[in-house]
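Some notes on the structure that comes next.
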Amino acid sequence: MIKYIFKKTALSIILCSFSGLIFAQQKISPVKEIKYCASQADITLKNIPDAEKNQPRTIENGSKEWKYVDYRDWCSGFWSGILWNLYAATHDDKWKTAADKFTRELIPRATHSGFDHDLGFIMFNSFGNGYRLTKNPEYKEVILKSADSLAKLFNPKVGTILSWQGMAKWKGWPHNTIIDNMMNLELLFWASKNGGSHKLYDVAVTHAETTMKNHFRQDYSAYHVIVYDTATGKKIKGVTAQGYADNSMWARGQAWAIYGFTMCYRETKKTEFLDFAQNIADIYLKRLPEDKVPFYDFDDPAIPNVPKDASAAAISASALLELSEYVPDKIKASNYRNQAISTLASLSSAKYQSRDVNSAFLLHSTGNKPSNGEIDVSIIYADYYYLEALMRLEKLQNN
Ligand code: GLY
């Protein structure tokens, strides 16, 4: 009997330590935090003005009021993405009705004359989530048009999609690509598999491969912008726009890269993307401050007296949860998952949640420190990826 009890206890200890490895540091209830997001979004929804500019983007520090944008803004797809995800989480038709309204307002963007590298952010978070949940054929048509518009910016000589237009004249950059562009490839992958041309897939893969080759330093930290020569297709230099310096690690750029390469692995199953995503994640995680929310740039010498960027934390948490599902090494995978859980626990604390300060989900994001734009604010893309990460965590726990 004693032998039996001993054996059983030993087995439970082994099982507990194994599951402890998988779900260590679990101090967060995604269900509770998703409910919090829904109650904040409800306040925002009730207060949106009946105006042309009605897509929430930012709440400045000290204010309670959203600043609104329309379909021309790169942030215009996040609000409908949030509404679709709340519909998925709650099955309440209130969110679906609102999501459909705010999504449709973006239709002019699909074929807008100023083709934009951010079409993935705008059209896939809105119409993409909408189609996933409703299979509405009108949404699909808009997504396919948007993908074709985005692909027009691809330069085959360079092998990447052009980011900021007008920079050739303004800065003397013949062709530039920002790391953020990795996120827009999801639109191309989806379109290529859902009725669009296979060329869209090739564009996305080539963009990711060229970025993998040129956009990173030896330690796998990302440059924000790479300037390319259009005649030779070669890299000229790496520079920053929103980070501290050309050679620094801009936090949100690194987070976009982790998310982007993880998504490229999901869409292609090419192991070089999976290996690369891990290297990018490892340097990001190694350099995080204790509360898992980075300063806007890891290399600003004025740290800790510089603003944080909660959006980078939310993006990386969502990406790390997905990465943890693909990494074959169980210990590495559980580390990514635990890091994501700790990040979400930190973001869900009184320090980072907006609560009654304003109706966003999170405080303390930074848009563009060098140009003094959106410093220490609530910002819609932080909220979008926070909710997405909570929903991914809930799904993982249920599985
Ligand atoms: N794509 C813009 C940003 O991350 O600020």
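Chain lettering (A, B, ...) mirrors the order of the structure tokens, residue numbering begins at 1 for each chain separately, and ligand numbering begins at 1 in order of display.
Neighbouring residues of ligand 1 at a cut-off of 8 Å, counting only C-alpha atoms and all ligand atoms, are Trp74, Asp118, Asp180, Asn181, Gln242, Arg252, Gly253, Trp256, Gly367 and Asn368 of chain A.
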Pick out each residue of range 34-258 of chain A that DSSP on the backbone tags as helix (DSSP H, G or I); I need them as an MDAnalysis selection string. chainID A and resid 34:47 78:90 93:104 107:111 119:134 137:151 167:171 179:193 198:214 251:258
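The smallest atom-to-atom distance between Ser80 in chain A and any of A:Leu344, A:Leu133, A:Ala360, A:Ile122, using only C-alpha atoms, is found for A:Ile122.
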Name all residues at most 12 Å from Gly373 in chain A (count only C-alpha atoms; drop same-chain ones fewer than 3 positions away) and give them as an mmCIF file with N, CA, C and O atoms, in the first residue's frame.
data_model
loop_
_atom_site.group_PDB
_atom_site.id
_atom_site.type_symbol
_atom_site.label_atom_id
_atom_site.label_comp_id
_atom_site.auth_asym_id
_atom_site.auth_seq_id
_atom_site.Cartn_x
_atom_site.Cartn_y
_atom_site.Cartn_z
ATOM 1 N N THR A 58 -6.611 56.762 -31.457
ATOM 2 C CA THR A 58 -5.721 57.077 -30.324
ATOM 3 C C THR A 58 -6.473 57.819 -29.238
ATOM 4 O O THR A 58 -7.357 58.625 -29.546
ATOM 5 N N ILE A 59 -6.107 57.596 -27.994
ATOM 6 C CA ILE A 59 -6.533 58.490 -26.908
ATOM 7 C C ILE A 59 -5.257 59.022 -26.271
ATOM 8 O O ILE A 59 -4.448 58.251 -25.737
ATOM 9 N N GLU A 60 -5.064 60.335 -26.369
ATOM 10 C CA GLU A 60 -3.843 60.940 -25.824
ATOM 11 C C GLU A 60 -3.837 60.806 -24.303
ATOM 12 O O GLU A 60 -4.892 60.781 -23.662
ATOM 13 N N ASN A 61 -2.647 60.771 -23.762
ATOM 14 C CA ASN A 61 -2.464 60.712 -22.318
ATOM 15 C C ASN A 61 -3.183 61.897 -21.659
ATOM 16 O O ASN A 61 -2.992 63.038 -22.060
ATOM 17 N N ALA A 241 13.123 55.147 -38.536
ATOM 18 C CA ALA A 241 12.183 56.259 -38.658
ATOM 19 C C ALA A 241 11.510 56.445 -37.301
ATOM 20 O O ALA A 241 11.428 57.542 -36.791
ATOM 21 N N GLN A 242 11.097 55.358 -36.681
ATOM 22 C CA GLN A 242 10.363 55.464 -35.417
ATOM 23 C C GLN A 242 11.160 54.983 -34.203
ATOM 24 O O GLN A 242 10.688 55.057 -33.078
ATOM 25 N N PRO A 307 9.367 56.525 -22.814
ATOM 26 C CA PRO A 307 8.061 55.864 -22.765
ATOM 27 C C PRO A 307 8.117 54.382 -23.134
ATOM 28 O O PRO A 307 8.974 53.939 -23.895
ATOM 29 N N SER A 365 1.189 53.082 -24.859
ATOM 30 C CA SER A 365 1.826 52.726 -26.136
ATOM 31 C C SER A 365 2.487 53.975 -26.726
ATOM 32 O O SER A 365 2.097 55.101 -26.409
ATOM 33 N N THR A 366 3.455 53.734 -27.592
ATOM 34 C CA THR A 366 4.150 54.861 -28.219
ATOM 35 C C THR A 366 4.186 54.655 -29.726
ATOM 36 O O THR A 366 4.662 53.614 -30.204
ATOM 37 N N GLY A 367 3.651 55.638 -30.450
ATOM 38 C CA GLY A 367 3.578 55.530 -31.909
ATOM 39 C C GLY A 367 4.887 55.894 -32.575
ATOM 40 O O GLY A 367 5.532 55.066 -33.216
ATOM 41 N N ASN A 368 5.302 57.143 -32.406
ATOM 42 C CA ASN A 368 6.478 57.634 -33.124
ATOM 43 C C ASN A 368 7.247 58.608 -32.236
ATOM 44 O O ASN A 368 6.993 59.802 -32.248
ATOM 45 N N LYS A 369 8.156 58.092 -31.465
ATOM 46 C CA LYS A 369 8.878 58.911 -30.490
ATOM 47 C C LYS A 369 9.717 60.013 -31.169
ATOM 48 O O LYS A 369 9.646 61.175 -30.767
ATOM 49 N N PRO A 370 10.510 59.684 -32.218
ATOM 50 C CA PRO A 370 11.352 60.740 -32.800
ATOM 51 C C PRO A 370 10.548 61.931 -33.314
ATOM 52 O O PRO A 370 11.029 63.058 -33.272
ATOM 53 N N ASP A 376 3.103 57.654 -25.216
ATOM 54 C CA ASP A 376 2.445 57.188 -23.997
ATOM 55 C C ASP A 376 0.915 57.328 -24.085
ATOM 56 O O ASP A 376 0.290 57.946 -23.233
ATOM 57 N N VAL A 377 0.362 56.738 -25.120
ATOM 58 C CA VAL A 377 -1.072 56.885 -25.399
ATOM 59 C C VAL A 377 -1.764 55.518 -25.344
ATOM 60 O O VAL A 377 -1.111 54.479 -25.248
ATOM 61 N N ILE A 379 -3.697 53.165 -27.889
ATOM 62 C CA ILE A 379 -3.706 53.120 -29.356
ATOM 63 C C ILE A 379 -4.409 51.849 -29.810
ATOM 64 O O ILE A 379 -4.263 50.787 -29.216
#
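Residue nearest Gly243 in chain A, chosen from A:Lys135, A:Ser371, A:Thr210, A:Ile341 and counting only C-alpha atoms: A:Ser371.
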Hey, what's within 10 Å of Ser359 in chain A if we count only C-alpha atoms and toss same-chain stuff fewer than 5 positions away? As a PyMOL selection string, please? chain A and resi 37+39-45+47+59+64-66+353-354+378
Would you save the residues from that selection as a PDB file, in the first residue's frame, using N, CA, C and O atoms?
ATOM      1  N   CYS A  37     -12.423  43.592 -22.032  1.00  0.00           N
ATOM      2  CA  CYS A  37     -12.301  44.240 -23.358  1.00  0.00           C
ATOM      3  C   CYS A  37     -13.688  44.552 -23.913  1.00  0.00           C
ATOM      4  O   CYS A  37     -13.927  45.636 -24.465  1.00  0.00           O
ATOM      5  N   SER A  39     -16.432  45.117 -22.290  1.00  0.00           N
ATOM      6  CA  SER A  39     -17.132  46.225 -21.610  1.00  0.00           C
ATOM      7  C   SER A  39     -16.504  47.571 -21.985  1.00  0.00           C
ATOM      8  O   SER A  39     -17.212  48.572 -22.123  1.00  0.00           O
ATOM      9  N   GLN A  40     -15.191  47.595 -22.217  1.00  0.00           N
ATOM     10  CA  GLN A  40     -14.556  48.852 -22.657  1.00  0.00           C
ATOM     11  C   GLN A  40     -15.032  49.203 -24.075  1.00  0.00           C
ATOM     12  O   GLN A  40     -15.385  50.353 -24.361  1.00  0.00           O
ATOM     13  N   ALA A  41     -15.049  48.179 -24.965  1.00  0.00           N
ATOM     14  CA  ALA A  41     -15.455  48.431 -26.358  1.00  0.00           C
ATOM     15  C   ALA A  41     -16.916  48.903 -26.429  1.00  0.00           C
ATOM     16  O   ALA A  41     -17.279  49.703 -27.291  1.00  0.00           O
ATOM     17  N   ASP A  42     -17.720  48.419 -25.508  1.00  0.00           N
ATOM     18  CA  ASP A  42     -19.119  48.833 -25.463  1.00  0.00           C
ATOM     19  C   ASP A  42     -19.218  50.346 -25.223  1.00  0.00           C
ATOM     20  O   ASP A  42     -20.013  51.042 -25.856  1.00  0.00           O
ATOM     21  N   ILE A  43     -18.378  50.844 -24.331  1.00  0.00           N
ATOM     22  CA  ILE A  43     -18.391  52.297 -24.055  1.00  0.00           C
ATOM     23  C   ILE A  43     -17.954  53.056 -25.307  1.00  0.00           C
ATOM     24  O   ILE A  43     -18.574  54.046 -25.715  1.00  0.00           O
ATOM     25  N   THR A  44     -16.879  52.567 -25.942  1.00  0.00           N
ATOM     26  CA  THR A  44     -16.404  53.243 -27.168  1.00  0.00           C
ATOM     27  C   THR A  44     -17.509  53.263 -28.220  1.00  0.00           C
ATOM     28  O   THR A  44     -17.805  54.310 -28.809  1.00  0.00           O
ATOM     29  N   LEU A  45     -18.118  52.093 -28.436  1.00  0.00           N
ATOM     30  CA  LEU A  45     -19.153  51.968 -29.480  1.00  0.00           C
ATOM     31  C   LEU A  45     -20.297  52.960 -29.254  1.00  0.00           C
ATOM     32  O   LEU A  45     -20.774  53.598 -30.191  1.00  0.00           O
ATOM     33  N   ASN A  47     -20.180  55.786 -27.905  1.00  0.00           N
ATOM     34  CA  ASN A  47     -19.786  57.198 -27.974  1.00  0.00           C
ATOM     35  C   ASN A  47     -19.214  57.624 -29.325  1.00  0.00           C
ATOM     36  O   ASN A  47     -18.816  58.773 -29.488  1.00  0.00           O
ATOM     37  N   ILE A  59      -6.107  57.596 -27.994  1.00  0.00           N
ATOM     38  CA  ILE A  59      -6.533  58.490 -26.908  1.00  0.00           C
ATOM     39  C   ILE A  59      -5.257  59.022 -26.271  1.00  0.00           C
ATOM     40  O   ILE A  59      -4.448  58.251 -25.737  1.00  0.00           O
ATOM     41  N   LYS A  64      -9.932  61.550 -22.393  1.00  0.00           N
ATOM     42  CA  LYS A  64     -10.817  60.372 -22.387  1.00  0.00           C
ATOM     43  C   LYS A  64     -11.386  60.138 -23.783  1.00  0.00           C
ATOM     44  O   LYS A  64     -12.097  59.173 -24.025  1.00  0.00           O
ATOM     45  N   GLU A  65     -11.085  61.065 -24.695  1.00  0.00           N
ATOM     46  CA  GLU A  65     -11.716  61.051 -26.016  1.00  0.00           C
ATOM     47  C   GLU A  65     -10.844  60.375 -27.056  1.00  0.00           C
ATOM     48  O   GLU A  65      -9.655  60.695 -27.180  1.00  0.00           O
ATOM     49  N   TRP A  66     -11.463  59.500 -27.834  1.00  0.00           N
ATOM     50  CA  TRP A  66     -10.743  58.922 -28.976  1.00  0.00           C
ATOM     51  C   TRP A  66     -10.507  59.992 -30.030  1.00  0.00           C
ATOM     52  O   TRP A  66     -11.345  60.880 -30.227  1.00  0.00           O
ATOM     53  N   GLN A 353      -3.736  48.291 -17.960  1.00  0.00           N
ATOM     54  CA  GLN A 353      -5.120  48.368 -18.445  1.00  0.00           C
ATOM     55  C   GLN A 353      -5.684  49.774 -18.239  1.00  0.00           C
ATOM     56  O   GLN A 353      -5.426  50.405 -17.210  1.00  0.00           O
ATOM     57  N   SER A 354      -6.486  50.211 -19.197  1.00  0.00           N
ATOM     58  CA  SER A 354      -7.046  51.577 -19.122  1.00  0.00           C
ATOM     59  C   SER A 354      -8.097  51.702 -18.021  1.00  0.00           C
ATOM     60  O   SER A 354      -8.210  52.739 -17.375  1.00  0.00           O
ATOM     61  N   SER A 378      -3.090  55.566 -25.455  1.00  0.00           N
ATOM     62  CA  SER A 378      -3.845  54.352 -25.789  1.00  0.00           C
ATOM     63  C   SER A 378      -3.954  54.319 -27.298  1.00  0.00           C
ATOM     64  O   SER A 378      -4.279  55.344 -27.920  1.00  0.00           O
TER      65      SER A 378
END
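Minimum atom-to-atom distances from A:Ile315, A:Leu185, A:Ile178, A:Ile283 to Thr240 in chain A were compared using only C-alpha atoms, and the lowest value belongs to A:Ile178.
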Rank A:Ile303, A:Val31, A:Ile179, A:Ala191 by their smallest atom-to-atom distance to Gln254 in chain A, using only C-alpha atoms, and report the top residue only. A:Ile179
Could you go through range 185-375 of chain A and tell me which residues DSSP, when run on the backbone, assigns to strand (DSSP E), listing them as a PyMOL selection string? chain A and resi 225-228+235-239
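Shortest atom-to-atom contact with Ala314 in chain A among A:Val158, A:Leu390, A:Met182, A:Val357: A:Leu390, counting only C-alpha atoms.
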